[in-house]
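Engineer: I have a structure here, written as structure tokens, and I will follow up with some questions on it.
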Amino acid sequence: MRQLNPLRTLATTTALGGLLALSTLAGSAMAADAGNYPDQNVQYIIPFGPGGESDISARLQQQYFQELTGQQLIIQYMAGGGGAVGWSQLNEMGDDGYTIMGTNLPHIILKPMGKEPGFTTEELKNFFYFHYSPDALIVNNDSPFETLDDLIAAAKEAPGRITVSGSGTQSANDIANQRFESLADVKTTYIPFKGTGAAVAALLGDQVRAEWGYTTTAANHSDKVRMLAVASEERHPLFPEVPTFKELGYDMTGGAYRGMAVPEGVSDEVTTELSDIFSEINQNPEFRQKMEDLGFVLIDVPYGEMDDFMDKRRQEYEQVARDMGIIE
């Protein structure tokens with residue numbers, strides 16, 4: 001492979017009009033051919049602001065995308081509506097295969113259930129899901145709750161008195177709290193904040209007794225907080241001493257899943273090629289280690305398995321949506 005230029009990224013927030021203009025220009029070019037795809041840089045739109053876990057993941061993927069393809073992954077942002085602003089515009093961005101967008105679960109399933117967010121789940125052509133941040137129940141290091149049983153006992157003794165912060169409503173954190181309350185037969189007071197950072201700050205500032213966060217949260221604040229349990233199938237390698245909810249008798253796994261989609265007009269051949277590229281990135285040992293060190297759990301859901309994956313997630317979220325009053 002020829003010598004590559006140093007990686008350049010676009011880190012400034014791009015206005016919606018600018019993104020659509022770029023997409024229109026790209027769409028006027030000849031549609032991508034899977035045989036030589038990609039032969040130019042690829043726009044990677046994050047439908048949130050910079051600095052979040054979606055952004056962190058994308059920036060780690062950049063290096064390996066360039067190594068595999070010789071092209072750059074250009075990151076841009078289209079924040080708003082908890083992702084809905086971007087997802088509602090995706091299918092207007094041309095079908096040449098040079099625009100991809102981050103997607104998140106449970107967001108893209110729950111949002112259309114509750115109201116009209118400008119898109120439907122089915123309209124999003126997801127081609128690869130690559131990791132999730134497992135839900136975790138987190139307390140401060142000096143919390144009197146040494147174990148999950150301690151917190152459950154306190155919640156049973158005084159229903160609603162245990163306050164728990166989380167990132168927003170109808171989010172992975174909100175769902176985790178709903179499922180936990182149902183499985184443990186307890187009642188807490190869930191307090192939604194605007195983002196994970198604010199939810200963590202509430203815990204560190206002793207505004208709440210616990211937080212619904214992720215393994216990534218615990219990794220970033222390992223000197224200040226500890227997890228009581230984690231909602232993964234197996235113990236996370238960064239936290240071998242922290243039990244899973246399943247170990248403790250609660251059939252609870254999940255978290256915030258992250259993947260990618262293309263406009264629905266992109267050919268299946270190019271969509272499959274994109275899926276294969278990011279699947280190969282996900283298998284890179286160096287990349288995997290970086291992700292695990294940040295607290296992520298890697299998964300591999302390629303384009304050919306996406307329908308089954310989404311169907312299973314939908315079944316899980318529909319019951320939670322009923323419990324939350326989003327649907328009847």
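Ordered as shown in the structure tokens, chains take letters A, B, and onward, while each chain numbers its residues from 1 and ligands are numbered from 1 in the order shown.
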When you look at region 81-92 of chain A with a cut-off of 8 Å (counting only C-alpha atoms), what residues show up, excluding the ones that are within fewer than 6 positions of it in the same chain? I need them as a ChimeraX atom specification.

Structural biologist: /A:20,23,46-48,101,103,107,117-119,123-124,262-265

Engineer: What does the file look like for those residues with N, CA and C atoms, as a compact mmCIF listing (two decimals), in the first residue's frame?

Structural biologist:
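out-v9.txt written:
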# COMPACT_ATOMS: atom_id res chain seq x y z
N LEU A 20 -26.26 18.30 4.62
CA LEU A 20 -27.12 17.93 3.50
C LEU A 20 -26.54 18.39 2.18
N SER A 23 -23.90 15.98 1.26
CA SER A 23 -24.48 14.71 0.84
C SER A 23 -25.06 14.81 -0.56
N ILE A 46 -21.92 11.35 13.55
CA ILE A 46 -22.32 10.99 14.89
C ILE A 46 -23.55 11.84 15.24
N PRO A 47 -24.69 11.22 15.54
CA PRO A 47 -25.91 12.02 15.78
C PRO A 47 -26.00 12.55 17.21
N PHE A 48 -24.86 12.79 17.81
CA PHE A 48 -24.75 13.36 19.15
C PHE A 48 -23.62 14.39 19.11
N MET A 101 -23.74 6.62 9.35
CA MET A 101 -24.17 7.31 10.57
C MET A 101 -24.21 6.33 11.74
N THR A 103 -25.66 4.57 14.99
CA THR A 103 -26.98 4.29 15.55
C THR A 103 -26.82 3.67 16.93
N HIS A 107 -32.28 3.42 21.77
CA HIS A 107 -32.84 4.66 21.25
C HIS A 107 -33.65 4.49 19.96
N PRO A 117 -40.74 10.61 15.97
CA PRO A 117 -39.47 11.32 16.03
C PRO A 117 -38.90 11.72 14.69
N GLY A 118 -39.64 11.43 13.60
CA GLY A 118 -39.15 11.77 12.27
C GLY A 118 -38.52 10.60 11.55
N PHE A 119 -38.50 9.44 12.18
CA PHE A 119 -37.96 8.23 11.54
C PHE A 119 -38.64 7.02 12.14
N GLU A 123 -36.69 2.14 8.82
CA GLU A 123 -36.09 2.99 7.79
C GLU A 123 -34.57 3.06 7.90
N LEU A 124 -34.04 2.66 9.03
CA LEU A 124 -32.59 2.75 9.25
C LEU A 124 -31.93 1.45 8.78
N VAL A 262 -26.51 3.04 6.95
CA VAL A 262 -26.34 3.81 5.71
C VAL A 262 -27.72 4.20 5.21
N PRO A 263 -27.82 5.19 4.32
CA PRO A 263 -29.10 5.49 3.69
C PRO A 263 -29.67 4.26 3.01
N GLU A 264 -30.98 4.13 3.01
CA GLU A 264 -31.61 2.89 2.56
C GLU A 264 -31.37 2.60 1.08
N GLY A 265 -30.97 3.62 0.28
CA GLY A 265 -30.74 3.38 -1.13
C GLY A 265 -29.38 2.79 -1.46

Engineer: Could you jot down the CA of Gln63 (chain A) to CA of Ile281 (chain A) separation for me, Å, one decimal place?

Structural biologist: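 The value is 9.5 Å.
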
Engineer: Once DSSP has gone over the backbone, tell me which residues of region 3-203 of chain A are in strand (DSSP E), as a ChimeraX atom specification.

Structural biologist: /A:42-46,73-77,99-105,125-140,163-167,189-193

Engineer: Those residues you just picked out, can you put them in a file as a PDB file, in the first residue's frame with C-alpha atoms?

Structural biologist:
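The new file out_23.pdb reads:
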ATOM      1  CA  VAL A  42     -16.168   8.313   4.015  1.00  0.00           C
ATOM      2  CA  GLN A  43     -18.246  10.703   6.131  1.00  0.00           C
ATOM      3  CA  TYR A  44     -19.071   9.233   9.539  1.00  0.00           C
ATOM      4  CA  ILE A  45     -21.871  11.243  11.139  1.00  0.00           C
ATOM      5  CA  ILE A  46     -22.325  10.986  14.892  1.00  0.00           C
ATOM      6  CA  LEU A  73     -13.082   8.247   8.039  1.00  0.00           C
ATOM      7  CA  ILE A  74     -14.188  11.863   8.439  1.00  0.00           C
ATOM      8  CA  ILE A  75     -16.141  12.406  11.639  1.00  0.00           C
ATOM      9  CA  GLN A  76     -18.903  14.991  11.741  1.00  0.00           C
ATOM     10  CA  TYR A  77     -21.656  15.737  14.244  1.00  0.00           C
ATOM     11  CA  THR A  99     -22.045   8.612   4.183  1.00  0.00           C
ATOM     12  CA  ILE A 100     -22.581   6.431   7.255  1.00  0.00           C
ATOM     13  CA  MET A 101     -24.170   7.306  10.572  1.00  0.00           C
ATOM     14  CA  GLY A 102     -23.886   5.978  14.105  1.00  0.00           C
ATOM     15  CA  THR A 103     -26.985   4.291  15.551  1.00  0.00           C
ATOM     16  CA  ASN A 104     -27.750   3.378  19.144  1.00  0.00           C
ATOM     17  CA  LEU A 105     -29.962   0.948  20.988  1.00  0.00           C
ATOM     18  CA  LYS A 125     -30.389   0.386   7.235  1.00  0.00           C
ATOM     19  CA  ASN A 126     -28.104  -0.843   9.996  1.00  0.00           C
ATOM     20  CA  PHE A 127     -25.090  -2.743   8.704  1.00  0.00           C
ATOM     21  CA  PHE A 128     -22.924  -3.478  11.749  1.00  0.00           C
ATOM     22  CA  TYR A 129     -23.162  -3.406  15.549  1.00  0.00           C
ATOM     23  CA  PHE A 130     -19.789  -3.483  17.195  1.00  0.00           C
ATOM     24  CA  HIS A 131     -20.020  -2.999  20.970  1.00  0.00           C
ATOM     25  CA  TYR A 132     -22.091  -2.156  23.963  1.00  0.00           C
ATOM     26  CA  SER A 133     -21.484  -0.491  27.295  1.00  0.00           C
ATOM     27  CA  PRO A 134     -22.949  -2.868  29.892  1.00  0.00           C
ATOM     28  CA  ASP A 135     -25.354  -1.356  32.387  1.00  0.00           C
ATOM     29  CA  ALA A 136     -23.912  -1.148  35.868  1.00  0.00           C
ATOM     30  CA  LEU A 137     -25.270  -0.083  39.235  1.00  0.00           C
ATOM     31  CA  ILE A 138     -22.638   2.234  40.683  1.00  0.00           C
ATOM     32  CA  VAL A 139     -22.070   3.793  44.112  1.00  0.00           C
ATOM     33  CA  ASN A 140     -19.408   6.011  45.636  1.00  0.00           C
ATOM     34  CA  THR A 163     -32.407   7.828  44.663  1.00  0.00           C
ATOM     35  CA  VAL A 164     -30.657   6.732  41.479  1.00  0.00           C
ATOM     36  CA  SER A 165     -29.326   8.992  38.735  1.00  0.00           C
ATOM     37  CA  GLY A 166     -29.248   8.119  35.057  1.00  0.00           C
ATOM     38  CA  SER A 167     -28.889   9.595  31.595  1.00  0.00           C
ATOM     39  CA  THR A 189     -36.576   6.988  42.626  1.00  0.00           C
ATOM     40  CA  TYR A 190     -34.936   7.355  39.230  1.00  0.00           C
ATOM     41  CA  ILE A 191     -33.713  10.886  38.480  1.00  0.00           C
ATOM     42  CA  PRO A 192     -32.922  11.558  34.790  1.00  0.00           C
ATOM     43  CA  PHE A 193     -30.048  13.880  33.911  1.00  0.00           C
TER      44      PHE A 193
END

Engineer: Just the residues within 9 Å of Val270 (chain A), please, counting only C-alpha atoms, with nothing from its chain fewer than 2 positions along; format it as a list in words.

Structural biologist: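 What passes the distance filter is Ala32, Asp33, Ala34, Gly35, Tyr37, Pro38, Asp96, Gly97, Val266, Ser267, Asp268, Thr272, Glu273, Leu274 and Ser275 of chain A.
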
Engineer: If you run DSSP on the backbone here, which positions in region 55-293 of chain A get helix (DSSP H, G or I)? Please write them as a ChimeraX atom specification.

Structural biologist: /A:55-69,81-92,107-114,121-123,148-157,172-184,196-204,215-220,268-283,285-293

Engineer: Would you save the residues from that selection as an mmCIF file, in the first residue's frame, using C-alpha atoms?

Structural biologist:
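That gives us out.cif:
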data_model
loop_
_atom_site.group_PDB
_atom_site.id
_atom_site.type_symbol
_atom_site.label_atom_id
_atom_site.label_comp_id
_atom_site.auth_asym_id
_atom_site.auth_seq_id
_atom_site.Cartn_x
_atom_site.Cartn_y
_atom_site.Cartn_z
ATOM 1 C CA ASP A 55 -17.463 9.746 19.360
ATOM 2 C CA ILE A 56 -14.759 7.921 21.324
ATOM 3 C CA SER A 57 -15.481 4.702 19.439
ATOM 4 C CA ALA A 58 -15.435 6.414 16.051
ATOM 5 C CA ARG A 59 -12.085 8.042 16.720
ATOM 6 C CA LEU A 60 -10.560 4.718 17.659
ATOM 7 C CA GLN A 61 -11.937 3.185 14.447
ATOM 8 C CA GLN A 62 -10.417 5.911 12.253
ATOM 9 C CA GLN A 63 -6.853 4.618 12.326
ATOM 10 C CA TYR A 64 -7.793 1.058 11.414
ATOM 11 C CA PHE A 65 -10.232 2.110 8.698
ATOM 12 C CA GLN A 66 -7.417 4.022 6.998
ATOM 13 C CA GLU A 67 -4.992 1.130 7.388
ATOM 14 C CA LEU A 68 -7.457 -1.270 5.742
ATOM 15 C CA THR A 69 -8.799 0.940 2.959
ATOM 16 C CA GLY A 81 -33.259 15.062 19.856
ATOM 17 C CA GLY A 82 -31.199 12.299 21.438
ATOM 18 C CA GLY A 83 -30.083 11.201 17.971
ATOM 19 C CA ALA A 84 -33.445 11.762 16.242
ATOM 20 C CA VAL A 85 -32.300 14.820 14.260
ATOM 21 C CA GLY A 86 -29.618 12.792 12.519
ATOM 22 C CA TRP A 87 -31.618 9.604 12.058
ATOM 23 C CA SER A 88 -34.552 11.489 10.582
ATOM 24 C CA GLN A 89 -32.226 12.950 7.898
ATOM 25 C CA LEU A 90 -30.167 9.870 7.049
ATOM 26 C CA ASN A 91 -32.192 8.751 4.044
ATOM 27 C CA GLU A 92 -31.826 12.187 2.426
ATOM 28 C CA HIS A 107 -32.837 4.663 21.248
ATOM 29 C CA ILE A 108 -33.720 3.767 17.641
ATOM 30 C CA ILE A 109 -36.362 1.272 18.806
ATOM 31 C CA LEU A 110 -37.867 3.070 21.790
ATOM 32 C CA LYS A 111 -38.153 6.551 20.291
ATOM 33 C CA PRO A 112 -40.560 5.585 17.475
ATOM 34 C CA MET A 113 -42.661 3.622 19.980
ATOM 35 C CA GLY A 114 -43.424 6.656 22.108
ATOM 36 C CA THR A 121 -36.716 1.823 13.123
ATOM 37 C CA GLU A 122 -37.275 0.002 9.838
ATOM 38 C CA GLU A 123 -36.094 2.990 7.786
ATOM 39 C CA LEU A 148 -26.195 -5.375 45.607
ATOM 40 C CA ASP A 149 -28.083 -7.159 48.388
ATOM 41 C CA ASP A 150 -27.337 -4.225 50.703
ATOM 42 C CA LEU A 151 -28.970 -1.778 48.305
ATOM 43 C CA ILE A 152 -31.939 -4.079 47.670
ATOM 44 C CA ALA A 153 -32.521 -4.492 51.416
ATOM 45 C CA ALA A 154 -32.514 -0.715 51.908
ATOM 46 C CA ALA A 155 -34.900 -0.235 48.988
ATOM 47 C CA LYS A 156 -37.329 -2.813 50.379
ATOM 48 C CA GLU A 157 -37.209 -1.217 53.805
ATOM 49 C CA ALA A 172 -30.563 2.504 28.437
ATOM 50 C CA ASN A 173 -30.239 3.736 32.029
ATOM 51 C CA ASP A 174 -33.979 4.234 32.409
ATOM 52 C CA ILE A 175 -34.638 0.772 30.997
ATOM 53 C CA ALA A 176 -32.043 -0.763 33.316
ATOM 54 C CA ASN A 177 -33.733 0.774 36.337
ATOM 55 C CA GLN A 178 -37.164 -0.428 35.223
ATOM 56 C CA ARG A 179 -35.923 -3.974 34.683
ATOM 57 C CA PHE A 180 -34.034 -4.042 37.960
ATOM 58 C CA GLU A 181 -37.040 -2.836 39.950
ATOM 59 C CA SER A 182 -39.180 -5.537 38.367
ATOM 60 C CA LEU A 183 -36.687 -8.350 38.887
ATOM 61 C CA ALA A 184 -35.729 -7.381 42.450
ATOM 62 C CA THR A 196 -23.895 10.437 31.536
ATOM 63 C CA GLY A 197 -21.543 13.181 32.727
ATOM 64 C CA ALA A 198 -24.298 14.942 34.660
ATOM 65 C CA ALA A 199 -25.527 11.667 36.126
ATOM 66 C CA VAL A 200 -22.015 10.851 37.348
ATOM 67 C CA ALA A 201 -21.610 14.344 38.791
ATOM 68 C CA ALA A 202 -24.806 13.858 40.785
ATOM 69 C CA LEU A 203 -23.414 10.676 42.283
ATOM 70 C CA LEU A 204 -19.996 12.166 43.051
ATOM 71 C CA THR A 215 -18.613 -0.178 32.853
ATOM 72 C CA THR A 216 -17.096 2.726 30.927
ATOM 73 C CA THR A 217 -18.241 5.071 33.703
ATOM 74 C CA ALA A 218 -16.530 2.959 36.328
ATOM 75 C CA ALA A 219 -13.372 2.782 34.213
ATOM 76 C CA ASN A 220 -13.241 6.576 33.946
ATOM 77 C CA ASP A 268 -26.529 -4.410 -0.563
ATOM 78 C CA GLU A 269 -23.114 -5.088 -2.102
ATOM 79 C CA VAL A 270 -21.624 -1.852 -0.766
ATOM 80 C CA THR A 271 -23.466 -2.262 2.549
ATOM 81 C CA THR A 272 -21.958 -5.728 2.938
ATOM 82 C CA GLU A 273 -18.505 -4.379 2.092
ATOM 83 C CA LEU A 274 -18.845 -1.758 4.831
ATOM 84 C CA SER A 275 -19.974 -4.433 7.255
ATOM 85 C CA ASP A 276 -16.928 -6.536 6.396
ATOM 86 C CA ILE A 277 -14.541 -3.594 6.850
ATOM 87 C CA PHE A 278 -15.794 -2.730 10.322
ATOM 88 C CA SER A 279 -15.983 -6.384 11.277
ATOM 89 C CA GLU A 280 -12.301 -6.681 10.418
ATOM 90 C CA ILE A 281 -11.543 -3.613 12.513
ATOM 91 C CA ASN A 282 -13.405 -5.217 15.404
ATOM 92 C CA GLN A 283 -11.182 -8.295 15.147
ATOM 93 C CA PRO A 285 -6.265 -7.316 18.637
ATOM 94 C CA GLU A 286 -4.846 -3.841 19.225
ATOM 95 C CA PHE A 287 -8.216 -2.194 18.636
ATOM 96 C CA ARG A 288 -9.981 -4.730 20.858
ATOM 97 C CA GLN A 289 -7.557 -4.086 23.692
ATOM 98 C CA LYS A 290 -8.065 -0.333 23.481
ATOM 99 C CA MET A 291 -11.827 -0.762 23.618
ATOM 100 C CA GLU A 292 -11.723 -3.195 26.527
ATOM 101 C CA ASP A 293 -9.400 -0.899 28.459
#

Engineer: Which one is closest to Val301 (chain A): A:Arg258, A:Arg322, A:Arg161, A:Arg314? Count only C-alpha atoms.

Structural biologist: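 Comparing A:Arg258, A:Arg322, A:Arg161, A:Arg314 against Val301 (chain A), the winner is A:Arg258.
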
Engineer: Write out as a PyMOL selection string each polymer residue whose atoms come within 7 Å of Thr244 (chain A), counting only C-alpha atoms; drop sequence neighbours fewer than 6 positions from it.

Structural biologist: chain A and resi 229-232+234-235

Engineer: Residues as selected, N, CA and C atoms, written as a CSV table (one decimal), in the first residue's frame, can you do that?

Structural biologist:
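Writing the result to out35.csv gives the following:
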chain,number,residue,atom,x,y,z
A,229,ALA,N,-22.9,-4.4,40.6
A,229,ALA,CA,-23.1,-5.5,39.7
A,229,ALA,C,-23.1,-4.9,38.2
A,230,VAL,N,-22.9,-5.8,37.3
A,230,VAL,CA,-22.8,-5.4,35.9
A,230,VAL,C,-23.7,-6.3,35.0
A,231,ALA,N,-24.3,-5.7,34.0
A,231,ALA,CA,-25.3,-6.4,33.2
A,231,ALA,C,-24.7,-7.0,32.0
A,232,SER,N,-23.7,-7.8,32.1
A,232,SER,CA,-23.0,-8.5,31.0
A,232,SER,C,-23.2,-10.0,31.2
A,234,GLU,N,-20.7,-12.2,31.1
A,234,GLU,CA,-19.6,-12.6,31.9
A,234,GLU,C,-19.0,-11.4,32.6
A,235,ARG,N,-18.2,-11.6,33.6
A,235,ARG,CA,-17.5,-10.5,34.3
A,235,ARG,C,-16.6,-9.8,33.4

Engineer: What is the distance, in Å and to one decimal place, between CA of Val225 (chain A) and CA of Asn141 (chain A)?

Structural biologist: 4.8 Å

Engineer: Identify which of the residues A:Ser54, A:Gln207, A:Gly259, A:Ile326 lies closest to Asp300 (chain A), counting only C-alpha atoms when measuring atom-to-atom distances.

Structural biologist: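 Selected residue with least distance to Asp300 (chain A): A:Gly259.
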